Structure formats: structure tokens, C-alpha cells
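Just data28.cif here, mmCIF, C-alpha atoms:
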data_coords
#
loop_
_atom_site.label_atom_id
_atom_site.label_comp_id
_atom_site.auth_asym_id
_atom_site.auth_seq_id
_atom_site.Cartn_x
_atom_site.Cartn_y
_atom_site.Cartn_z
CA MET A 5 0.00 0.00 0.00
CA PHE A 6 2.34 2.70 1.26
CA ARG A 7 5.56 3.31 -0.63
CA ASN A 8 7.17 6.27 1.18
CA LEU A 9 6.62 6.97 4.86
CA THR A 10 6.84 9.96 7.19
CA ALA A 11 5.95 9.21 10.83
CA PHE A 12 4.61 11.42 13.62
CA LEU A 13 4.03 10.72 17.30
CA VAL A 14 0.81 11.79 19.03
CA PRO A 15 0.27 11.78 22.83
CA LEU A 16 -2.26 9.06 23.62
CA ALA A 17 -4.46 11.59 25.42
CA ASN A 18 -4.83 13.44 22.11
CA VAL A 19 -5.49 10.45 19.86
CA PRO A 20 -9.17 10.56 18.81
CA ALA A 21 -11.36 7.49 18.97
CA PRO A 22 -12.18 6.07 15.52
CA ALA A 23 -15.78 7.29 15.68
CA ASP A 24 -14.71 10.80 16.72
CA LEU A 25 -12.15 10.92 13.92
CA ALA A 26 -14.74 9.89 11.35
CA ALA A 27 -17.20 12.52 12.58
CA ALA A 28 -14.55 15.26 12.51
CA LEU A 29 -13.38 14.47 8.99
CA ALA A 30 -16.98 14.41 7.76
CA GLU A 31 -17.14 18.14 8.56
CA HIS A 32 -14.24 18.88 6.20
CA PRO A 33 -14.75 16.93 2.95
CA LEU A 34 -12.96 17.84 -0.25
CA ARG A 35 -14.87 20.29 -2.45
CA ASP A 36 -14.17 21.68 -5.90
CA PRO A 37 -12.38 25.06 -6.00
CA GLY A 38 -14.58 28.13 -6.25
CA ALA A 39 -14.47 30.39 -9.27
CA LEU A 40 -11.48 32.34 -7.93
CA GLU A 41 -9.67 29.51 -6.11
CA LEU A 42 -6.66 27.72 -7.53
CA ALA A 43 -6.85 24.69 -5.22
CA THR A 44 -8.67 23.13 -2.28
CA GLU A 45 -7.89 20.39 0.25
CA GLY A 46 -10.27 18.14 2.13
CA TRP A 47 -10.88 14.58 3.19
CA VAL A 48 -11.86 11.88 0.72
CA SER A 49 -12.53 8.17 0.98
CA PRO A 50 -9.39 6.04 1.35
CA MET A 51 -11.19 3.14 -0.32
CA PRO A 52 -10.64 2.17 -3.96
CA GLY A 53 -13.14 3.48 -6.51
CA ARG A 54 -15.85 6.02 -5.81
CA ALA A 55 -18.67 3.80 -4.63
CA ASP A 56 -17.64 4.02 -0.95
CA GLU A 57 -18.01 7.57 0.37
CA SER A 58 -16.90 6.89 3.96
CA LEU A 59 -13.91 9.03 4.92
CA THR A 60 -12.27 6.48 7.22
CA ARG A 61 -11.61 2.75 7.21
CA THR A 62 -10.96 1.31 10.67
CA LEU A 63 -9.67 -2.17 11.46
CA GLY A 64 -9.18 -2.77 15.16
CA GLN A 65 -7.06 0.12 16.49
CA HIS A 66 -5.89 1.26 13.05
CA THR A 67 -7.63 3.80 10.80
CA LEU A 68 -6.86 4.57 7.16
CA ILE A 69 -7.63 8.10 5.94
CA ALA A 70 -6.91 10.15 2.80
CA LEU A 71 -6.39 13.89 2.31
CA GLY A 72 -7.61 14.89 -1.13
CA THR A 73 -6.58 17.82 -3.29
CA CYS A 74 -8.37 19.47 -6.19
CA SER A 75 -6.47 22.06 -8.21
CA ARG A 76 -7.18 24.06 -11.32
CA ILE A 77 -4.74 23.42 -14.15
CA LEU A 78 -3.97 26.35 -16.43
CA PRO A 79 -1.34 25.38 -19.01
CA THR A 80 1.31 28.07 -19.37
CA GLN A 81 0.85 28.17 -23.12
CA VAL A 82 -2.86 28.92 -22.75
CA VAL A 83 -2.15 31.79 -20.36
CA GLN A 84 0.57 33.20 -22.60
CA GLU A 85 -1.62 33.07 -25.70
CA ALA A 86 -4.53 34.78 -23.94
CA LEU A 87 -2.17 37.41 -22.50
CA ALA A 88 -0.60 38.09 -25.92
CA GLU A 89 -4.04 38.53 -27.46
CA LYS A 90 -5.03 41.01 -24.73
CA LEU A 91 -1.78 42.96 -25.10
CA ASP A 92 -2.23 43.11 -28.88
CA GLN A 93 -5.70 44.58 -28.42
CA LEU A 94 -4.46 47.25 -26.02
CA GLU A 95 -1.53 48.11 -28.29
CA THR A 96 -3.94 48.62 -31.19
CA GLN A 97 -6.18 50.85 -29.06
CA ARG A 98 -3.41 52.93 -27.44
CA GLY A 99 -0.61 52.80 -29.98
CA ARG A 100 1.78 51.35 -27.41
CA ARG A 101 2.22 47.98 -25.73
CA PRO A 102 1.65 47.80 -21.95
CA GLY A 103 4.65 46.84 -19.87
CA GLY A 104 5.94 46.59 -16.32
CA LYS A 105 3.37 46.59 -13.53
CA GLU A 106 0.47 47.09 -15.96
CA ARG A 107 1.45 43.94 -17.86
CA GLN A 108 1.48 41.95 -14.61
CA ARG A 109 -1.95 43.33 -13.66
CA ILE A 110 -3.32 42.34 -17.07
CA LYS A 111 -1.84 38.87 -16.69
CA ASP A 112 -3.56 38.47 -13.31
CA GLU A 113 -6.85 39.50 -14.92
CA VAL A 114 -6.34 36.97 -17.72
CA ILE A 115 -5.73 34.18 -15.21
CA THR A 116 -8.84 35.19 -13.26
CA ASP A 117 -10.91 35.07 -16.45
CA LEU A 118 -9.55 31.65 -17.42
CA MET A 119 -9.85 29.97 -14.03
CA PRO A 120 -13.54 28.98 -14.28
CA ARG A 121 -12.69 27.09 -17.49
CA ALA A 122 -9.54 25.41 -16.17
CA PHE A 123 -9.21 21.64 -15.90
CA LEU A 124 -9.54 20.13 -12.43
CA LYS A 125 -6.81 17.78 -11.24
CA ARG A 126 -7.47 15.54 -8.23
CA GLY A 127 -5.03 13.75 -5.99
CA ARG A 128 -4.87 12.23 -2.54
CA THR A 129 -2.37 11.32 0.16
CA LEU A 130 -3.04 8.28 2.32
CA ALA A 131 -2.30 8.24 6.05
CA TRP A 132 -2.66 5.69 8.83
CA LEU A 133 -3.43 6.47 12.48
CA ASP A 134 -2.53 3.90 15.13
CA HIS A 135 -4.94 4.64 17.98
CA ARG A 136 -3.17 2.29 20.40
CA ASP A 137 0.38 3.61 20.11
CA GLY A 138 -0.20 7.20 19.01
CA LEU A 139 1.52 6.82 15.66
CA LEU A 140 0.54 8.67 12.49
CA VAL A 141 2.19 7.52 9.26
CA VAL A 142 1.72 9.50 6.03
CA ASP A 143 2.38 7.92 2.63
CA THR A 144 4.96 10.46 1.46
CA ALA A 145 8.66 11.18 1.90
CA SER A 146 7.96 14.93 1.58
CA ARG A 147 7.92 16.61 4.97
CA LYS A 148 5.83 19.45 3.49
CA ALA A 149 3.16 17.07 2.18
CA ALA A 150 3.11 15.16 5.46
CA GLU A 151 2.75 18.37 7.47
CA ALA A 152 -0.21 19.31 5.26
CA VAL A 153 -2.00 16.17 6.43
CA VAL A 154 -1.21 16.99 10.07
CA HIS A 155 -2.40 20.57 9.57
CA ARG A 156 -5.73 19.42 8.17
CA LEU A 157 -6.15 16.95 11.03
CA ARG A 158 -5.59 19.79 13.50
CA GLU A 159 -8.16 21.85 11.62
CA ALA A 160 -10.73 19.05 11.77
CA LEU A 161 -10.08 17.91 15.35
CA GLY A 162 -9.35 21.26 16.96
CA SER A 163 -6.20 19.86 18.58
CA PHE A 164 -3.74 17.30 17.25
CA PRO A 165 -0.24 17.81 18.73
CA ALA A 166 1.65 15.50 16.39
CA THR A 167 5.45 15.77 16.32
CA PRO A 168 7.80 14.19 13.77
CA LEU A 169 9.57 10.98 14.71
CA LEU A 170 13.12 12.36 14.95
CA ALA A 171 16.36 10.78 16.09
CA GLY A 172 17.66 11.76 19.51
CA MET A 173 21.22 11.20 18.30
CA SER A 174 23.21 11.85 15.13
CA ALA A 175 21.43 9.64 12.62
CA ARG A 176 24.07 10.50 10.02
CA GLN A 177 26.80 9.13 12.25
CA GLU A 178 24.79 6.02 13.08
CA LEU A 179 24.08 5.23 9.43
CA THR A 180 27.71 5.84 8.59
CA ASP A 181 28.84 3.50 11.37
CA TRP A 182 26.61 0.79 9.94
CA ILE A 183 28.64 0.91 6.73
CA THR A 184 32.09 1.23 8.26
CA GLY A 185 31.51 -1.14 11.15
CA ASP A 186 32.66 1.46 13.70
CA GLY A 187 30.98 1.93 17.06
CA VAL A 188 28.39 -0.64 18.06
CA GLY A 189 27.89 -1.72 14.47
CA MET A 190 24.67 -2.60 12.71
CA PRO A 191 21.78 -4.04 14.76
CA ASP A 192 21.24 -7.77 14.33
CA GLN A 193 17.78 -7.18 12.83
CA LEU A 194 19.26 -5.29 9.86
CA THR A 195 21.27 -6.17 6.79
CA LEU A 196 22.79 -3.73 4.31
CA GLY A 197 21.12 -3.16 0.97
CA ASP A 198 22.80 -1.95 -2.20
CA GLU A 199 21.93 1.77 -2.21
CA ALA A 200 23.22 4.78 -0.28
CA GLU A 201 23.73 8.52 -0.46
CA LEU A 202 26.77 10.13 1.14
CA ARG A 203 27.38 13.85 1.58
CA ASP A 204 30.32 16.00 2.54
CA LEU A 205 29.64 17.83 5.81
CA ARG A 206 30.86 21.14 4.39
CA ASP A 207 28.44 23.58 2.75
CA GLU A 208 27.78 22.64 -0.87
CA GLY A 209 30.06 19.66 -0.43
CA ALA A 210 30.21 16.65 -2.72
CA ILE A 211 27.33 14.18 -2.93
CA VAL A 212 27.85 10.52 -3.84
CA ARG A 213 24.90 8.28 -4.74
CA CYS A 214 25.41 4.52 -4.93
CA ARG A 215 22.99 2.07 -6.52
CA ARG A 216 23.46 -1.66 -7.03
CA GLN A 217 26.69 -1.26 -5.07
CA ASP A 218 28.35 -3.46 -2.45
CA LEU A 219 28.23 -0.96 0.42
CA ALA A 220 30.90 -2.86 2.34
CA ALA A 221 33.38 -2.29 -0.50
CA GLU A 222 36.60 -0.38 0.10
CA GLU A 223 35.65 2.34 -2.39
CA VAL A 224 32.63 3.24 -0.25
CA ARG A 225 34.78 3.32 2.89
CA GLU A 226 37.17 5.69 1.10
CA HIS A 227 34.35 8.22 0.67
CA VAL A 228 33.72 8.04 4.43
CA ASN A 229 37.44 8.46 5.16
CA ALA A 230 37.36 11.56 2.95
CA GLY A 231 34.79 13.17 5.26
CA LYS A 232 31.45 12.15 3.79
CA GLN A 233 28.62 10.77 5.91
CA VAL A 234 25.65 8.59 5.03
CA VAL A 235 22.32 10.43 4.77
CA GLN A 236 20.32 7.64 3.10
CA LEU A 237 20.88 3.91 3.36
CA ALA A 238 19.12 0.86 1.93
CA ILE A 239 18.42 -1.78 4.57
CA THR A 240 16.48 -4.99 5.06
CA TYR A 241 14.65 -5.22 8.38
CA ASP A 242 14.23 -8.63 10.01
CA ARG A 243 14.28 -10.27 6.57
CA ARG A 244 10.71 -9.06 6.14
CA LEU A 245 10.89 -5.71 4.39
CA GLN A 246 13.32 -3.57 2.40
CA CYS A 247 13.52 0.21 2.38
CA VAL A 248 15.81 3.21 2.10
CA LEU A 249 16.15 4.93 5.48
CA ALA A 250 17.00 8.63 5.57
CA GLU A 251 18.71 10.58 8.35
CA ASP A 252 15.37 12.25 9.25
CA LEU A 253 13.89 8.74 9.66
CA THR A 254 11.69 9.00 6.61
CA VAL A 255 11.37 5.72 4.76
CA ARG A 256 11.50 5.45 0.98
CA LYS A 257 11.04 2.64 -1.53
CA LEU A 258 9.30 0.33 0.94
CA ARG A 259 8.94 -3.23 -0.30
CA PHE A 260 7.80 -6.29 1.63
CA GLU A 261 9.59 -9.60 1.19
CA ASP A 262 7.78 -12.68 -0.11
CA VAL A 263 7.61 -14.14 3.40
CA VAL A 264 5.25 -11.26 4.23
CA THR A 265 3.23 -10.92 1.03
CA ASP A 266 2.63 -14.67 0.88
CA GLN A 267 0.41 -14.22 3.94
CA LEU A 268 -2.15 -12.54 1.70
CA GLY A 269 -2.85 -15.94 0.17
CA ASP A 270 -5.93 -15.91 -2.02
CA VAL A 271 -7.13 -12.50 -0.83
CA ALA A 272 -5.34 -10.70 -3.65
CA GLY A 273 -7.63 -10.66 -6.66
CA GLU A 274 -10.85 -10.82 -4.63
CA ASP A 275 -13.06 -7.73 -4.35
CA ALA A 276 -11.15 -4.48 -3.93
CA THR A 277 -12.38 -3.80 -0.38
CA ALA A 278 -11.34 -7.20 0.94
CA GLU A 279 -7.92 -6.89 -0.65
CA LEU A 280 -7.37 -3.39 0.74
CA ASP A 281 -8.37 -4.56 4.24
CA ALA A 282 -5.95 -7.48 4.07
CA ARG A 283 -3.08 -5.35 2.81
CA PHE A 284 -3.79 -2.65 5.39
CA ALA A 285 -3.83 -5.18 8.21
CA LEU A 286 -0.58 -6.74 7.04
CA MET A 287 1.09 -3.35 6.60
CA THR A 288 0.15 -2.00 10.02
CA GLY A 289 1.54 -5.09 11.74
CA GLU A 290 4.87 -4.92 9.95
CA LEU A 291 5.34 -1.16 10.02
CA GLY A 292 4.31 -0.89 13.67
CA ARG A 293 7.28 -3.12 14.51
CA LEU A 294 9.59 -1.20 12.16
CA PHE A 295 8.85 2.22 13.67
CA ALA A 296 9.10 0.87 17.21
CA PHE A 297 12.51 -0.52 16.26
CA LEU A 298 13.61 2.80 14.73
CA ALA A 299 12.40 4.75 17.76
CA GLU A 300 14.39 2.51 20.08
CA THR A 301 17.50 2.35 17.90
CA PHE A 302 17.74 6.10 17.31
CA ASP A 303 16.77 7.11 20.85
CA CYS A 304 13.57 8.88 19.81
CA ASP A 305 11.02 10.20 22.26
CA HIS A 306 8.88 7.23 21.34
CA GLY A 307 6.23 7.25 24.06
CA THR A 308 4.23 4.02 23.92
CA LEU A 309 5.70 2.50 20.75
CA LYS A 310 6.69 -1.05 21.65
CA LEU A 311 8.25 -3.99 19.87
CA ASP A 312 5.36 -6.25 20.81
CA GLY A 313 3.31 -6.23 17.62
CA GLY A 314 4.32 -9.72 16.53
CA GLN A 315 4.66 -10.59 12.89
CA GLY A 316 2.15 -10.60 10.09
CA MET A 317 -1.43 -9.50 10.58
CA PRO A 318 -2.02 -8.02 14.04
CA PRO A 319 -4.60 -9.72 16.28
CA GLY A 320 -8.09 -8.47 15.59
CA LEU A 321 -7.23 -7.16 12.12
CA ALA A 322 -7.17 -10.33 10.05
CA ALA A 323 -10.88 -11.02 10.13
#
Could you take the file, read its structure, and then write that structure out as C-alpha cells?
Amino acid sequence: MFRNLTAFLVPLANVPAPADLAAALAEHPLRDPGALELATEGWVSPMPGRADESLTRTLGQHTLIALGTCSRILPTQVVQEALAEKLDQLETQRGRRPGGKERQRIKDEVITDLMPRAFLKRGRTLAWLDHRDGLLVVDTASRKAAEAVVHRLREALGSFPATPLLAGMSARQELTDWITGDGVGMPDQLTLGDEAELRDLRDEGAIVRCRRQDLAAEEVREHVNAGKQVVQLAITYDRRLQCVLAEDLTVRKLRFEDVVTDQLGDVAGEDATAELDARFALMTGELGRLFAFLAETFDCDHGTLKLDGGQGMPPGLAA
């Protein structure tokens, strides 16, 4: 389901009950932009297709939500052509072509005139709220996009003090140690992948990106010896999932191993709702353990996150 992940922690006292969350989001659904609006945001159904209009999908203590966007698309060429036509008309009338501030004002008027006829582009960002552990995970590696989801939740709920899951130590140094073998070394649950990004600590320093590379090779170590540190690193966690972990603890390129996806059995290919429920249940079980592990490993202020989620589909979610 999710491909890129940005996690936030929420105090348990501020985590809404599933019913309260559903009621709050229902007050802020996505609507089309007004005549003079370029874009709007609001909550949409996280379910596949458009038949299901519910704005939440809850399984046990886990709720899936989706923030939708609707924006007006005005191709640059269309704006430029309409602007040129307007400027030509004014030049014919006045004997001179408008310029400077007047040209910008005319352009703004052209855009305003075109907006009601602009195409509408829709999108959505999925998010998952763990009511038990106070964990919010947004399906994006963009901090700005993730914060937009948190902002809209605050708007709907009145209060939602979510804070990013951030390392309480130097994540750069830790990731670098995992490659070089210095310090305590790599945790037993992890194995190195074949992708990394290293950066020089100096301003505008060199950046090295490795793909399909043996990260234990001497040439990689030489970059570290030259002063570069690891800011992104491909890892395999517990032989169950692969991802690229960044220094800000965002997760990219998430992929589950066969030992996990095989648990779906014959569910895949059934009706879309049943398949989504199965994948959501499987994902929350695996990722709950991953983020608890990251919080512990990087000394985060992790509150109630615990490594007790087991493996596979969490109890109560596999029905």
C-alpha cells in the first residue's frame, strides 16, 4: 500500500477514537475550487473506486484516511496566448504595448478570467493512524506534504499535537557506522542493501549516490574516510521488508519480502475492499514493529511504541 513513509508521534491523550475521527473528517470533505480559487484540500474516501463515500476505514485500532486535493490546471501556453491577445488589443487601441506593472496586472486578470474554465486535477495522500500507540504515518517522503495532512487533522479535530519521529542522536553518524563497522555496528535485525547517499559535511560539499553497489566495499569506505557521511541507506529489516532509510527517519522505496506478502494468500484478486483490508492489516503489523525498532535504535522520544506487535497481521485485524 504505502511506498514512502513519514511518521509522527501523538500523545495518547490526544489520539481521537475512531468514531470521533470519522465525525470530525466528515465536517471537512474535499470540495471543488470556487471560481477564484486555484486549489482546495479536504478529506476523501481512502477506499478504492468512488462507490464508498466513507472518509475512514478502521480495522481494530488502526484507521486509514486520505487527504484529497483538487487544483485548477492552467497550461502556461494557454495563459501566454490569452495574454498576448489582450496585449495586442491594447496596443492597437493605445498605440503602445503595456509593460511593467500594468502587464502583470493584465496577466492576473487573464488568469482570473480563465480559471472557471480550467481543468480540475485531483489527488490524494493516504495516512494511517494507530490509535493504540499514538503513531501517524503518512504515505509520502515529503515533509511538506506530510505536514499538510497533520495541519488538516488539527483543523478538523481542533487539537492534534503530532510531532515528527526524529532521532535523539546523530542519525548520520549512526548510518555511517553501519557501513564502516565502527561503534556498536549494525543491529542484528538489519542487513545492508545496495543503495546509499553520502554527503560531505561542508556547505555545498560533494554528494555521492550509490545504486546496485556493495556498500561494504573499500571504495565506499574511502568516501567516508574523505569526510562524507551517510544520509540515506538501503536496509532490510528482520528479513521481512526492504527500504531506504534517511537521516530524518523517513522511509523510501518500501517493499515487503515474499515471506510477508505470501500471507495474503488468495485474498489478492478478490473484491477491492477485501484486498485493501488485508493489505492494510498486514502493513500496520509490519510497520508498527519497524517504527518501534527505529524509535528505540535512534533514541527517539517514542512514548508508547513497543516492539510487541508480533509478525504478520495483528490480532483483531485479520478477520
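Nearest-residue note for A:Gln246: choosing from A:Val142, A:Leu294, A:Val83, A:Val212, the minimum distance belongs to A:Leu294, counting all atoms listed in the file.
Considering the residues A:Leu202, A:Val228, A:Ala220, A:Leu179 and counting only C-alpha atoms, A:Glu251 has its shortest atom-to-atom contact with A:Leu179.
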Can you tell me, as a count of residues only, which residues sit within 10 Å of (10.8, 7.1, 18.9) in the file's frame, using only C-alpha atoms? 26
Within 7 Å of A:Lys232, counting all atoms listed in the file, which residues show up once you throw out same-chain ones fewer than 2 positions away? Write them as number ranges by chain, please. A: 202-205, 227-228, 230, 234
Just want the 10 Å neighbourhood of A:Arg156, counted on all atoms listed in the file, with same-chain residues fewer than 3 positions away dropped. Output as a compact mmCIF listing (two decimals) with C-alpha atoms, keeping the file's coordinate frame.
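And here is the file that came out, selection_1.txt:
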# COMPACT_ATOMS: atom_id res chain seq x y z
CA LEU A 29 -13.38 14.47 8.99
CA HIS A 32 -14.24 18.88 6.20
CA GLU A 45 -7.89 20.39 0.25
CA GLY A 46 -10.27 18.14 2.13
CA TRP A 47 -10.88 14.58 3.19
CA LEU A 71 -6.39 13.89 2.31
CA GLU A 151 2.75 18.37 7.47
CA ALA A 152 -0.21 19.31 5.26
CA VAL A 153 -2.00 16.17 6.43
CA GLU A 159 -8.16 21.85 11.62
CA ALA A 160 -10.73 19.05 11.77
CA LEU A 161 -10.08 17.91 15.35
CA GLY A 162 -9.35 21.26 16.96
CA PHE A 164 -3.74 17.30 17.25
Within 12 Å of A:Thr240, counting all atoms listed in the file, which residues qualify if same-chain residues fewer than 3 places away don't, as a short mmCIF file (atom, residue, chain, number, x, y, z; two decimals) with C-alpha atoms, in the coordinates of the input?
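Here's the written file out09.cif:
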data_model
loop_
_atom_site.label_atom_id
_atom_site.label_comp_id
_atom_site.auth_asym_id
_atom_site.auth_seq_id
_atom_site.Cartn_x
_atom_site.Cartn_y
_atom_site.Cartn_z
CA MET A 190 24.67 -2.60 12.71
CA PRO A 191 21.78 -4.04 14.76
CA ASP A 192 21.24 -7.77 14.33
CA GLN A 193 17.78 -7.18 12.83
CA LEU A 194 19.26 -5.29 9.86
CA THR A 195 21.27 -6.17 6.79
CA LEU A 196 22.79 -3.73 4.31
CA GLY A 197 21.12 -3.16 0.97
CA ASP A 198 22.80 -1.95 -2.20
CA GLU A 199 21.93 1.77 -2.21
CA LEU A 237 20.88 3.91 3.36
CA ARG A 243 14.28 -10.27 6.57
CA ARG A 244 10.71 -9.06 6.14
CA LEU A 245 10.89 -5.71 4.39
CA GLN A 246 13.32 -3.57 2.40
CA CYS A 247 13.52 0.21 2.38
CA VAL A 248 15.81 3.21 2.10
CA LEU A 249 16.15 4.93 5.48
CA VAL A 255 11.37 5.72 4.76
CA LYS A 257 11.04 2.64 -1.53
CA LEU A 258 9.30 0.33 0.94
CA ARG A 259 8.94 -3.23 -0.30
CA PHE A 260 7.80 -6.29 1.63
CA GLU A 261 9.59 -9.60 1.19
CA LEU A 294 9.59 -1.20 12.16
#
Hey, could you pull the box centre and edge lengths for stretch 209-215 of chain A, axis-aligned, 6 Å padding per side, all listed atoms, to one decimal in Å, as lines of an AutoDock Vina configuration file?
center_x = 26.6
center_y = 10.9
center_z = -3.5
size_x = 19.2
size_y = 29.6
size_z = 18.1
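When the PyMOL selection byres ((chain A and resi 145-147) around 9) is run on the displayed coordinates, the residues it returns are Arg7, Asn8, Leu9, Thr10, Val142, Asp143, Thr144, Lys148, Ala149, Ala150, Glu151, Ala152, Thr254, Val255 and Arg256 of chain A.
Between atom CA of A:Cys214 and atom CA of A:Gln177 lies a distance of 17.8 Å.
For the pair atom CA of A:Leu42 and atom CA of A:Phe6, the separation is 28.0 Å.
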Written as a list in words, which residues does the PyMOL selection byres ((chain A and resi 133) around 8) give for the file shown? His66, Thr67, Leu68, Ile69, Ala131, Trp132, Asp134, His135, Gly138, Leu139, Leu140 and Val141 of chain A
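Across the model, the gap from atom CA of A:Pro79 to atom CA of A:Ser49 is 28.7 Å.
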Of the candidates A:Leu219, A:Leu34, A:Ala88, A:Leu63, which one gets nearest to A:Gln236 if we count only C-alpha atoms? A:Leu219
Selection in question (the file shown): the PyMOL selection byres ((chain A and resi 264) around 12). Which residues does it include, as a PyMOL selection string? chain A and resi 241-246+259-263+265-269+282-283+285-287+289-291+315-317
Within 7 Å of A:Leu91, counting only C-alpha atoms, which residues qualify if same-chain residues fewer than 4 places away don't, as number ranges by chain? A: 87, 95, 101-102
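Remark: for A:Glu85, the closest of the candidate residues A:Ala28, A:Leu118, A:Leu59, A:Ala70 is A:Leu118 (distances computed over all atoms listed in the file).
Among the candidate residues A:Ala238, A:Ala210, A:Ala27, A:Ala21, the one lying nearest to A:Trp182 is A:Ala238, with distances computed using all atoms listed in the file.
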